[in-house]
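Next comes data.txt, a file with compact mmCIF, C-alpha atoms (C1' of nucleotides).
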```txt
# COMPACT_ATOMS: atom_id res chain seq x y z
CA MET A 233 116.20 87.09 110.49
CA SER A 234 115.10 90.28 112.20
CA TYR A 235 111.38 89.94 111.81
CA SER A 236 109.50 92.74 113.54
CA LYS A 237 107.78 92.13 116.84
CA TYR A 238 104.47 92.10 115.03
CA GLY A 239 105.54 88.99 113.18
CA MET A 240 103.82 87.69 110.10
CA MET A 241 100.23 88.14 110.91
CA LYS A 242 98.39 87.55 107.73
CA SER A 243 95.11 85.71 107.89
CA MET A 244 95.95 83.60 110.90
CA SER A 245 92.68 84.22 112.67
CA PRO A 246 90.46 81.14 112.78
CA ALA A 247 87.15 82.93 113.28
CA SER A 248 83.88 81.24 112.53
CA PRO A 249 82.31 81.95 109.14
CA HIS A 250 79.70 84.65 108.82
CA GLU A 251 78.77 87.57 106.62
CA PRO A 252 81.41 90.27 106.26
CA GLY A 253 80.81 93.97 106.82
CA ARG A 254 78.26 94.71 109.48
CA ALA A 255 79.37 92.60 112.39
CA PRO A 256 77.52 89.52 113.61
CA GLU A 257 76.16 90.68 116.97
CA GLN A 258 77.73 89.07 119.99
CA SER A 259 74.18 88.06 121.07
CA ALA A 260 73.80 91.57 122.54
CA ALA A 261 76.27 90.84 125.33
CA HIS A 262 75.36 93.85 127.42
CA GLY A 263 72.93 95.86 125.38
CA ALA A 264 75.70 97.68 123.53
CA ALA A 265 74.99 100.62 121.26
CA SER A 266 73.56 100.06 117.80
CA LEU A 267 77.12 99.72 116.48
CA PRO A 268 77.96 96.09 115.92
CA TRP A 269 81.67 96.90 115.83
CA ALA A 270 81.71 98.13 119.40
CA ALA A 271 80.50 94.74 120.58
CA ARG A 272 83.07 92.87 118.54
CA VAL A 273 85.90 95.05 119.78
CA ARG A 274 84.75 94.52 123.32
CA ALA A 275 84.37 90.80 122.80
CA SER A 276 87.98 90.68 121.65
CA GLY A 277 89.10 91.95 125.02
CA LEU A 278 89.91 95.40 123.70
CA ARG A 279 88.56 98.73 124.87
CA VAL A 280 86.15 100.49 122.61
CA THR A 281 87.58 103.79 121.44
CA LYS A 282 86.40 106.22 118.84
CA GLN A 283 89.68 105.77 116.99
CA ARG A 284 89.17 102.03 116.66
CA LEU A 285 85.58 102.37 115.57
CA ALA A 286 86.54 104.99 113.03
CA VAL A 287 89.26 102.79 111.57
CA LEU A 288 86.90 99.83 111.34
CA ASP A 289 84.28 101.97 109.72
CA ALA A 290 86.79 103.37 107.24
CA LEU A 291 87.86 99.87 106.22
CA ASP A 292 84.26 98.73 105.95
CA HIS A 293 83.74 101.44 103.36
CA ALA A 294 87.11 101.14 101.64
CA PRO A 295 88.48 97.62 101.81
CA HIS A 296 92.16 97.05 100.95
CA ALA A 297 93.03 100.57 102.06
CA THR A 298 96.55 101.44 103.14
CA ALA A 299 97.32 103.06 106.49
CA ASP A 300 97.53 106.38 104.68
CA GLN A 301 94.16 105.96 103.04
CA VAL A 302 92.65 104.92 106.33
CA LEU A 303 94.09 108.04 107.91
CA ASP A 304 92.50 110.26 105.28
CA ARG A 305 89.10 108.73 105.78
CA VAL A 306 89.26 108.65 109.56
CA ARG A 307 90.23 112.31 109.68
CA GLN A 308 86.86 113.18 108.24
CA SER A 309 85.35 112.31 111.60
CA LEU A 310 88.43 112.63 113.82
CA PRO A 311 90.47 115.47 112.34
CA ASP A 312 93.18 115.30 115.00
CA ILE A 313 94.07 111.63 114.83
CA THR A 314 97.73 110.99 114.14
CA VAL A 315 99.41 108.65 111.70
CA GLN A 316 100.98 106.74 114.55
CA SER A 317 97.63 106.15 116.17
CA VAL A 318 96.33 104.70 112.96
CA TYR A 319 99.28 102.32 112.86
CA THR A 320 98.72 101.34 116.49
CA VAL A 321 95.02 100.78 115.95
CA LEU A 322 95.59 98.77 112.79
CA HIS A 323 98.05 96.56 114.63
CA SER A 324 95.93 95.97 117.69
CA LEU A 325 92.87 95.17 115.60
CA THR A 326 94.87 92.88 113.36
CA ASP A 327 96.32 91.06 116.35
CA ALA A 328 92.82 90.72 117.76
CA GLY A 329 91.65 89.15 114.52
CA LEU A 330 89.24 91.94 113.62
CA LEU A 331 91.35 93.01 110.67
CA ARG A 332 93.40 91.13 108.16
CA GLN A 333 96.61 92.52 106.77
CA LEU A 334 97.35 92.22 103.09
CA ASP A 335 100.91 92.39 101.79
CA LEU A 336 101.21 92.84 98.07
CA ALA A 337 104.36 93.41 96.08
CA ASN A 338 105.54 97.00 95.82
CA SER A 339 102.73 98.32 97.93
CA PRO A 340 102.41 99.37 101.54
CA ALA A 341 100.41 97.06 103.78
CA ARG A 342 96.66 97.00 103.20
CA TYR A 343 93.86 96.04 105.55
CA GLU A 344 90.36 94.64 105.32
CA THR A 345 87.56 93.76 107.70
CA ARG A 346 86.68 90.52 105.92
CA VAL A 347 88.50 88.12 108.19
CA ALA A 348 86.11 85.23 108.62
CA ASP A 349 86.41 83.54 105.25
CA ASN A 350 89.91 82.77 104.06
CA HIS A 351 89.44 84.49 100.73
CA HIS A 352 92.21 85.44 98.33
CA HIS A 353 93.00 88.42 96.13
CA ALA A 354 93.39 89.17 92.47
CA VAL A 355 95.58 92.11 91.55
CA CYS A 356 95.68 93.79 88.16
CA THR A 357 99.31 94.14 87.17
CA GLU A 358 98.40 97.15 85.06
CA CYS A 359 96.33 99.41 87.29
CA GLY A 360 96.80 97.85 90.71
CA ARG A 361 93.11 97.20 91.20
CA ILE A 362 92.40 94.60 93.86
CA GLU A 363 89.45 92.22 93.93
CA ASP A 364 88.45 89.66 96.51
CA VAL A 365 88.13 86.16 95.16
CA ALA A 366 86.68 83.18 96.91
CA CYS A 367 88.80 80.20 97.80
CA ALA A 368 90.19 78.26 94.89
CA VAL A 369 87.84 75.91 93.11
CA GLY A 370 87.36 72.57 94.73
CA HIS A 371 88.24 71.71 98.26
CA ALA A 372 90.91 72.57 100.75
CA PRO A 373 93.37 69.83 99.77
CA CYS A 374 93.55 71.67 96.49
CA LEU A 375 96.16 73.89 98.04
CA THR A 376 98.15 71.20 99.74
CA PRO A 377 101.66 71.50 98.42
CA ALA A 378 103.33 68.38 97.12
CA GLU A 379 106.41 68.50 99.34
CA THR A 380 106.50 70.61 102.46
CA HIS A 381 109.98 69.87 103.79
CA GLY A 382 108.42 68.81 107.07
CA MET A 383 106.52 72.02 107.55
CA ALA A 384 103.04 71.88 109.07
CA ILE A 385 101.11 74.19 106.79
CA ARG A 386 98.45 76.32 108.43
CA VAL A 387 97.39 78.83 105.81
CA ALA A 388 97.84 79.33 102.11
CA ASP A 389 97.84 82.93 101.00
CA VAL A 390 97.19 83.25 97.31
CA VAL A 391 97.65 86.33 95.19
CA TYR A 392 96.43 86.05 91.64
CA GLN A 393 97.94 88.40 89.14
CA GLY A 394 96.52 89.33 85.81
CA LEU A 395 94.69 91.98 83.86
CA CYS A 396 91.40 93.43 84.94
CA ALA A 397 88.66 93.72 82.36
CA ASP A 398 89.24 97.43 81.83
CA CYS A 399 92.97 97.12 81.29
CA ALA A 400 92.55 94.10 79.03
CA ARG A 401 90.16 96.07 76.84
CA ARG A 402 92.47 99.07 76.77
CA GLU A 403 95.41 96.88 75.83
CA ALA A 404 93.44 95.17 73.09
CA ASP A 405 92.50 98.54 71.64
CA ALA A 406 96.10 99.74 71.72
CA ALA A 407 97.48 96.67 69.92
CA PRO A 408 94.79 95.31 67.59
CA GLY A 409 95.58 91.93 66.07
CA THR A 410 97.15 90.76 69.29
CA PRO A 411 94.72 88.36 70.91
CA SER A 412 93.57 88.99 74.44
CA PRO A 413 95.88 87.37 76.97
CA ARG A 414 93.18 85.14 78.38
CA ASP A 415 95.17 81.98 77.83
CA ALA A 416 98.30 80.81 79.59
CA HIS A 417 97.89 79.86 83.19
CA GLN A 418 100.76 78.48 85.17
CA GLY A 419 99.40 77.27 88.44
CA MET B 195 97.59 104.19 93.34
CA SER B 196 101.22 105.34 93.21
CA TYR B 197 102.86 102.08 92.28
CA SER B 198 106.56 102.44 91.70
CA LYS B 199 107.91 102.47 88.19
CA TYR B 200 109.16 98.95 88.69
CA GLY B 201 105.61 97.75 89.05
CA MET B 202 104.68 94.36 90.38
CA MET B 203 107.16 92.07 88.80
CA LYS B 204 106.84 88.81 90.60
CA SER B 205 107.19 85.62 88.62
CA MET B 206 105.92 86.97 85.35
CA SER B 207 108.65 85.42 83.24
CA PRO B 208 107.36 82.56 81.09
CA ALA B 209 110.67 80.75 80.55
CA SER B 210 110.79 77.13 79.52
CA PRO B 211 111.26 74.58 82.30
CA HIS B 212 114.73 73.30 83.07
CA GLU B 213 116.98 72.60 86.03
CA PRO B 214 117.64 75.56 88.30
CA GLY B 215 121.08 76.68 89.40
CA ARG B 216 123.80 76.21 86.83
CA ALA B 217 122.34 77.74 83.76
CA PRO B 218 121.18 75.79 80.72
CA GLU B 219 123.86 76.74 78.13
CA GLN B 220 122.65 78.86 75.27
CA SER B 221 124.07 76.19 72.92
CA ALA B 222 127.51 77.84 73.34
CA ALA B 223 126.42 80.93 71.43
CA HIS B 224 129.87 82.39 70.97
CA GLY B 225 132.18 80.14 72.91
CA ALA B 226 131.62 82.09 76.11
CA ALA B 227 133.67 81.47 79.21
CA SER B 228 132.90 78.45 81.37
CA LEU B 229 130.36 80.59 83.22
CA PRO B 230 126.82 79.71 82.13
CA TRP B 231 125.47 82.91 83.66
CA ALA B 232 127.43 85.14 81.33
CA ALA B 233 125.73 83.54 78.36
CA ARG B 234 122.29 83.90 79.89
CA VAL B 235 122.85 87.53 80.75
CA ARG B 236 124.04 88.18 77.24
CA ALA B 237 121.11 86.28 75.75
CA SER B 238 118.76 88.52 77.68
CA GLY B 239 120.11 91.53 75.85
CA LEU B 240 122.07 92.77 78.85
CA ARG B 241 125.76 93.46 79.11
CA VAL B 242 127.83 91.07 81.12
CA THR B 243 129.37 92.82 84.10
CA LYS B 244 131.22 91.46 87.08
CA GLN B 245 128.60 93.00 89.36
CA ARG B 246 125.78 91.12 87.66
CA LEU B 247 127.67 87.85 87.67
CA ALA B 248 128.54 88.31 91.33
CA VAL B 249 124.91 88.95 92.27
CA LEU B 250 123.73 85.91 90.33
CA ASP B 251 126.42 83.79 91.94
CA ALA B 252 125.50 85.06 95.39
CA LEU B 253 121.84 84.16 94.85
CA ASP B 254 122.80 80.76 93.47
CA HIS B 255 124.50 80.03 96.77
CA ALA B 256 121.97 81.76 99.03
CA PRO B 257 118.47 81.67 97.56
CA HIS B 258 115.82 83.96 99.05
CA ALA B 259 118.47 86.47 100.12
CA THR B 260 117.58 90.09 100.68
CA ALA B 261 119.38 92.94 98.95
CA ASP B 262 121.42 93.41 102.09
CA GLN B 263 122.44 89.78 102.26
CA VAL B 264 123.33 89.84 98.59
CA LEU B 265 125.47 92.88 99.22
CA ASP B 266 127.37 91.12 102.01
CA ARG B 267 128.12 88.14 99.87
CA VAL B 268 129.01 90.09 96.76
CA ARG B 269 131.44 92.22 98.71
CA GLN B 270 133.56 89.14 99.35
CA SER B 271 134.60 89.30 95.71
CA LEU B 272 133.84 92.95 94.92
CA PRO B 273 134.59 94.87 98.12
CA ASP B 274 133.75 98.26 96.63
CA ILE B 275 130.28 97.57 95.25
CA THR B 276 127.61 99.89 96.60
CA VAL B 277 124.17 99.17 97.97
CA GLN B 278 122.61 101.14 95.15
CA SER B 279 124.41 99.08 92.55
CA VAL B 280 123.06 95.94 94.10
CA TYR B 281 119.55 97.36 93.88
CA THR B 282 120.07 98.36 90.27
CA VAL B 283 121.46 94.96 89.36
CA LEU B 284 118.66 93.14 91.15
CA HIS B 285 116.10 95.19 89.27
CA SER B 286 117.63 94.80 85.85
CA LEU B 287 118.04 91.06 86.28
CA THR B 288 114.51 90.72 87.60
CA ASP B 289 113.13 92.68 84.67
CA ALA B 290 115.12 90.47 82.32
CA GLY B 291 113.58 87.39 83.90
CA LEU B 292 116.85 86.04 85.29
CA LEU B 293 115.75 86.64 88.85
CA ARG B 294 112.44 86.36 90.60
CA GLN B 295 111.44 88.72 93.36
CA LEU B 296 109.78 87.39 96.48
CA ASP B 297 107.65 89.63 98.65
CA LEU B 298 106.79 88.19 102.02
CA ALA B 299 105.02 89.93 104.85
CA ASN B 300 107.16 92.01 107.17
CA SER B 301 110.31 91.30 105.25
CA PRO B 302 112.32 93.21 102.68
CA ALA B 303 112.20 91.88 99.14
CA ARG B 304 114.00 88.62 98.51
CA TYR B 305 115.39 87.19 95.29
CA GLU B 306 116.09 83.81 93.78
CA THR B 307 117.56 82.44 90.57
CA ARG B 308 114.94 79.72 90.20
CA VAL B 309 112.70 81.40 87.68
CA ALA B 310 111.80 78.67 85.24
CA ASP B 311 109.35 76.64 87.25
CA ASN B 312 106.51 78.52 88.88
CA HIS B 313 107.21 77.14 92.32
CA HIS B 314 105.82 78.51 95.55
CA HIS B 315 107.13 79.12 99.05
CA ALA B 316 106.49 77.91 102.55
CA VAL B 317 107.39 80.25 105.37
CA CYS B 318 107.71 79.27 109.01
CA THR B 319 105.76 81.78 111.07
CA GLU B 320 108.05 81.08 114.00
CA CYS B 321 111.58 81.38 112.66
CA GLY B 322 111.05 82.85 109.20
CA ARG B 323 112.66 79.92 107.44
CA ILE B 324 111.72 79.73 103.77
CA GLU B 325 111.44 76.59 101.69
CA ASP B 326 110.67 76.14 98.04
CA VAL B 327 107.68 73.97 97.35
CA ALA B 328 106.59 72.61 94.03
CA CYS B 329 103.31 73.63 92.48
CA ALA B 330 100.21 72.56 94.34
CA VAL B 331 99.14 68.97 94.01
CA GLY B 332 97.18 68.13 90.93
CA HIS B 333 96.98 70.28 87.87
CA ALA B 334 96.92 73.93 86.98
CA PRO B 335 93.12 74.43 87.20
CA CYS B 336 93.61 73.64 90.86
CA LEU B 337 94.44 77.26 91.36
CA THR B 338 91.75 78.72 89.18
CA PRO B 339 89.73 81.01 91.38
CA ALA B 340 86.00 80.58 91.40
CA GLU B 341 85.07 84.14 90.51
CA THR B 342 87.59 86.50 88.97
CA HIS B 343 85.50 89.65 88.49
CA GLY B 344 86.46 89.64 84.83
CA MET B 345 90.15 89.53 85.46
CA ALA B 346 92.33 87.46 83.16
CA ILE B 347 94.54 85.64 85.64
CA ARG B 348 98.12 85.09 84.57
CA VAL B 349 99.92 83.89 87.67
CA ALA B 350 99.02 82.62 91.08
CA ASP B 351 101.56 83.39 93.76
CA VAL B 352 101.10 81.17 96.76
CA VAL B 353 102.70 81.60 100.15
CA TYR B 354 102.12 78.78 102.58
CA GLN B 355 102.50 79.60 106.24
CA GLY B 356 103.04 77.18 109.03
CA LEU B 357 105.60 75.72 111.38
CA CYS B 358 108.82 74.16 110.22
CA ALA B 359 109.79 70.81 111.72
CA ASP B 360 112.29 72.34 114.12
CA CYS B 361 109.89 74.94 115.50
CA ALA B 362 107.07 72.41 115.78
CA ARG B 363 109.32 70.15 117.84
CA ARG B 364 110.47 73.03 120.02
CA GLU B 365 106.88 74.12 120.61
CA ALA B 366 105.79 70.61 121.47
CA ASP B 367 108.59 70.36 124.03
CA ALA B 368 107.67 73.70 125.58
CA ALA B 369 103.98 72.82 126.00
CA PRO B 370 103.65 69.07 126.49
CA GLY B 371 100.10 67.77 126.38
CA THR B 372 99.27 70.20 123.60
CA PRO B 373 99.09 68.20 120.38
CA SER B 374 101.19 69.26 117.42
CA PRO B 375 99.35 71.79 115.24
CA ARG B 376 99.36 69.52 112.22
CA ASP B 377 95.62 69.73 111.74
CA ALA B 378 93.54 72.69 110.58
CA HIS B 379 94.02 73.72 107.02
CA GLN B 380 91.98 76.47 105.50
CA GLY B 381 92.69 76.56 101.75
C1' DG C 190 144.47 96.77 70.30
C1' DT C 191 141.95 101.59 69.90
C1' DC C 192 137.98 104.44 69.35
C1' DC C 193 133.30 105.48 70.12
C1' DT C 194 128.53 104.92 71.59
C1' DT C 195 125.65 103.14 74.86
C1' DT C 196 124.83 100.76 78.97
C1' DT C 197 125.95 100.21 83.59
C1' DT C 198 127.77 101.52 88.09
C1' DA C 199 129.03 104.94 91.65
C1' DT C 200 127.98 109.14 94.26
C1' DG C 201 125.11 111.58 97.05
C1' DA C 202 120.81 113.02 98.45
C1' DG C 203 116.03 112.08 99.64
C1' DC C 204 111.79 109.78 100.68
C1' DT C 205 108.08 106.42 102.23
C1' DA C 206 106.39 103.29 105.39
C1' DC C 207 106.95 102.06 109.57
C1' DT C 208 108.93 101.57 114.57
C1' DC C 209 110.10 102.94 119.32
C1' DA C 210 109.99 105.33 123.95
C1' DA C 211 107.82 108.20 127.00
C1' DA C 212 104.16 111.46 128.35
C1' DA C 213 99.24 112.60 128.16
C1' DT C 214 94.60 110.93 128.00
C1' DA C 215 90.52 107.97 127.83
C1' DT C 216 88.11 103.60 129.14
C1' DG C 217 85.50 100.81 132.10
C1' DG C 218 85.09 98.23 136.50
C1' DC C 219 84.17 99.59 141.11
C1' DG D 104 82.98 109.83 140.47
C1' DC D 105 87.50 107.38 141.23
C1' DC D 106 91.27 104.66 139.98
C1' DA D 107 94.11 101.27 137.50
C1' DT D 108 95.16 100.18 133.16
C1' DA D 109 94.80 100.40 128.22
C1' DT D 110 95.19 103.51 124.58
C1' DT D 111 96.54 107.54 122.07
C1' DT D 112 99.60 111.32 121.27
C1' DT D 113 104.12 113.47 120.92
C1' DG D 114 108.42 113.44 119.04
C1' DA D 115 112.25 111.22 117.25
C1' DG D 116 114.42 107.64 114.56
C1' DT D 117 115.14 103.75 111.19
C1' DA D 118 115.10 100.40 107.25
C1' DG D 119 114.52 99.80 102.69
C1' DC D 120 114.28 101.68 98.68
C1' DT D 121 114.29 105.53 94.87
C1' DC D 122 116.04 109.31 91.99
C1' DA D 123 119.31 112.33 89.42
C1' DT D 124 123.65 113.01 87.80
C1' DA D 125 128.53 111.98 87.05
C1' DA D 126 132.04 108.52 86.21
C1' DA D 127 133.29 104.17 84.39
C1' DA D 128 132.98 100.04 81.94
C1' DA D 129 131.10 96.94 77.81
C1' DG D 130 131.27 95.63 73.26
C1' DG D 131 130.87 96.50 68.35
C1' DA D 132 133.53 98.72 64.41
C1' DC D 133 137.80 99.52 62.68
```

Show this structure as structure tokens.
Amino acid sequence: MSYSKYGMMKSMSPASPHEPGRAPEQSAAHGAASLPWAARVRASGLRVTKQRLAVLDALDHAPHATADQVLDRVRQSLPDITVQSVYTVLHSLTDAGLLRQLDLANSPARYETRVADNHHHAVCTECGRIEDVACAVGHAPCLTPAETHGMAIRVADVVYQGLCADCARREADAAPGTPSPRDAHQG
Amino acid sequence: MSYSKYGMMKSMSPASPHEPGRAPEQSAAHGAASLPWAARVRASGLRVTKQRLAVLDALDHAPHATADQVLDRVRQSLPDITVQSVYTVLHSLTDAGLLRQLDLANSPARYETRVADNHHHAVCTECGRIEDVACAVGHAPCLTPAETHGMAIRVADVVYQGLCADCARREADAAPGTPSPRDAHQG
DNA sequence: GTCCTTTTTATGAGCTACTCAAAATATGGC
DNA sequence: GCCATATTTTGAGTAGCTCATAAAAAGGAC
């Protein structure tokens, strides 16, 4: 099957729920700096480096960014960081459960700092815009598949596809008379 | 955003439900050969070529195959077909709605001929094994996200991740005392 | 069947996203 | 500050896919 050594690492981290973004303070473990991220990195058993903090900060400000986009942003504070370092940092932080990797069709991998809640994503098929969406309506069993072929399901990753409000409006303007596609919904 | 010209084309084809595999006979449009696929290709407005039929046949026999795996199988009957031709064929058939493209994490694109039902997939995080699973229990609204940010959702692509029966057994043998991971389930 | 137009495939080159190995450097416990 | 180890950098390489153009087939008209 030739899966890479990094395996499939999407959203497997069972962290406890809390607010995203600014990290939840590890009860001031050893009076760390005013940066919450430093404490969380440390608490994950990783060393705190400026590269890691910069990547985390970049993704805090631009969720769903690709490695390339992260690189651009990080270079504003660390002009000499290399592409490879960004990849390494993204991997180590993802393995540590501080980042979540997002794999969408026809797009390089994306990353986000919101790892605690198992939220899903809605992608506009027209413009590629990505929005976070909360878990599906109802309760967890909602996503229990009917027949699992003996597999013990751990996580359900859901990607909704549709038209964002902007694109829907644009499309409606382009083809008047055609009703807005807010109808069919195969689940 | 730099999405490729082929866009995100997963499971957008709203065909009517019927049995997968051997195609559903276009009511013998013009007494076509005994190959159902030829008729379906034709009905989609595409020309019937041996390359296309070979790719469809290959995917009938090996669902979820990658372009590479399709190439291997197709070469058994068409030894001179090129990689690029396989890519072209896969794209044209996907655009026509005769194939569905599957994008899983850390894996090249995969394809399947089962396009009519909007089924989902379960992937074993250990061995990469892929199984088809029917739509989630219950009814369509089951997958309606709570808050869509104004997006008109068309399709929900779900990838379940877990351990297949074989890997679960192997893991249980390796670490006795540790209970099987058939528990947590974040939806 | 033959001719002709259009679609499809083959050829060949090129690119993006990512990986790997080894050397240089920084972190953090002492 | 020192040292062991983790991390980043350097440099090279690969898989998977795309693009442009030329050659070849499909299929409708005759």

Give me the chain A side of the contact with chain D, cut-off 9 Å, one line per residue showing its nearest atom pair and distance in Å at one decimal, counting all atoms listed in the file, sorted by chain and residue number, as a tab-separated table.
```
residue	atom	partner	partner_atom	distance
A:Leu278	CA	D:DA109	C1'	8.3
A:Arg279	CA	D:DA109	C1'	7.3
A:Thr281	CA	D:DT110	C1'	8.2
A:Gln283	CA	D:DT111	C1'	8.7
A:Ile313	CA	D:DT112	C1'	8.5
A:Thr314	CA	D:DT112	C1'	7.4
A:Gln316	CA	D:DT112	C1'	8.2
A:Ser317	CA	D:DT111	C1'	6.2
A:Thr320	CA	D:DT111	C1'	8.6
```

- Which distance in Å separates atom CA of A:Ala400 and atom CA of B:Arg308, to one decimal? 28.9 Å

- Task: Within 9 Å of chain A, which residues of chain C are there when counting only C-alpha atoms (C1' of nucleotides)? Please give them as a ChimeraX atom specification.
- Result: /C:206-208,215-217

Which centre and edge lengths in Å to one decimal define the box along x, y and z that fits every listed atom of stretch 126-129 of chain D plus 6 Å per side, as AutoDock Vina command-line options?
```
--center_x 132.2 --center_y 102.7 --center_z 82.0 --size_x 14.2 --size_y 23.6 --size_z 20.4
```

- Task: Just give me the gap between atom CA of B:Pro257 and atom CA of B:Glu306 in Å, one decimal is fine.
- Result: 5.0 Å

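One finds atom CA of A:His352 at 19.3 Å from atom CA of B:Val327.
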
- Item | Contacts of stretch 285-289 of chain A at 7 Å (only C-alpha atoms (C1' of nucleotides); same-chain gap of 6+ positions) as number ranges by chain | A: 269-270, 302, 306

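Closest to chain B among A:Arg284, A:Arg307, A:Thr298, A:Leu330 is A:Thr298, based on only C-alpha atoms.
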
- Query: In terms of the shortest atom-to-atom distance over only C-alpha atoms, which of B:Leu272, B:Leu265, B:Cys318, B:Val309 is closest to chain A?
  - Reply: B:Cys318

Missing atoms of stretch 274-280 of chain B rebuilt to all heavy atoms, written as an mmCIF file, keeping the file's coordinate frame:
```
data_model
loop_
_atom_site.group_PDB
_atom_site.id
_atom_site.type_symbol
_atom_site.label_atom_id
_atom_site.label_comp_id
_atom_site.auth_asym_id
_atom_site.auth_seq_id
_atom_site.Cartn_x
_atom_site.Cartn_y
_atom_site.Cartn_z
ATOM 1 N N ASP B 274 134.131 96.856 96.779
ATOM 2 C CA ASP B 274 133.750 98.260 96.630
ATOM 3 C C ASP B 274 132.355 98.467 96.047
ATOM 4 O O ASP B 274 131.954 99.593 95.769
ATOM 5 C CB ASP B 274 134.777 98.983 95.753
ATOM 6 C CG ASP B 274 136.119 99.072 96.462
ATOM 7 O OD1 ASP B 274 136.119 99.106 97.709
ATOM 8 O OD2 ASP B 274 137.153 99.093 95.774
ATOM 9 N N ILE B 275 131.611 97.398 95.841
ATOM 10 C CA ILE B 275 130.280 97.570 95.250
ATOM 11 C C ILE B 275 129.372 98.293 96.253
ATOM 12 O O ILE B 275 129.518 98.131 97.467
ATOM 13 C CB ILE B 275 129.681 96.201 94.851
ATOM 14 C CG1 ILE B 275 128.520 96.420 93.866
ATOM 15 C CG2 ILE B 275 129.220 95.445 96.085
ATOM 16 C CD1 ILE B 275 127.975 95.135 93.288
ATOM 17 N N THR B 276 128.482 99.094 95.727
ATOM 18 C CA THR B 276 127.610 99.890 96.600
ATOM 19 C C THR B 276 126.235 99.254 96.729
ATOM 20 O O THR B 276 125.829 98.436 95.902
ATOM 21 C CB THR B 276 127.422 101.305 96.032
ATOM 22 O OG1 THR B 276 126.776 101.202 94.769
ATOM 23 C CG2 THR B 276 128.748 102.006 95.867
ATOM 24 N N VAL B 277 125.531 99.660 97.766
ATOM 25 C CA VAL B 277 124.170 99.170 97.970
ATOM 26 C C VAL B 277 123.320 99.484 96.740
ATOM 27 O O VAL B 277 122.567 98.639 96.267
ATOM 28 C CB VAL B 277 123.522 99.864 99.184
ATOM 29 C CG1 VAL B 277 122.373 99.058 99.704
ATOM 30 C CG2 VAL B 277 124.541 100.099 100.273
ATOM 31 N N GLN B 278 123.440 100.705 96.278
ATOM 32 C CA GLN B 278 122.610 101.140 95.150
ATOM 33 C C GLN B 278 122.855 100.288 93.923
ATOM 34 O O GLN B 278 121.926 99.962 93.187
ATOM 35 C CB GLN B 278 122.887 102.607 94.828
ATOM 36 C CG GLN B 278 122.340 103.581 95.841
ATOM 37 C CD GLN B 278 123.242 103.724 97.052
ATOM 38 O OE1 GLN B 278 124.135 102.917 97.280
ATOM 39 N NE2 GLN B 278 123.017 104.749 97.848
ATOM 40 N N SER B 279 124.119 99.922 93.713
ATOM 41 C CA SER B 279 124.410 99.080 92.550
ATOM 42 C C SER B 279 123.739 97.724 92.693
ATOM 43 O O SER B 279 123.226 97.179 91.715
ATOM 44 C CB SER B 279 125.921 98.899 92.417
ATOM 45 O OG SER B 279 126.513 100.132 92.122
ATOM 46 N N VAL B 280 123.731 97.219 93.893
ATOM 47 C CA VAL B 280 123.060 95.940 94.100
ATOM 48 C C VAL B 280 121.574 96.069 93.771
ATOM 49 O O VAL B 280 121.001 95.224 93.078
ATOM 50 C CB VAL B 280 123.255 95.439 95.541
ATOM 51 C CG1 VAL B 280 122.351 94.262 95.832
ATOM 52 C CG2 VAL B 280 124.711 95.063 95.771
#
```
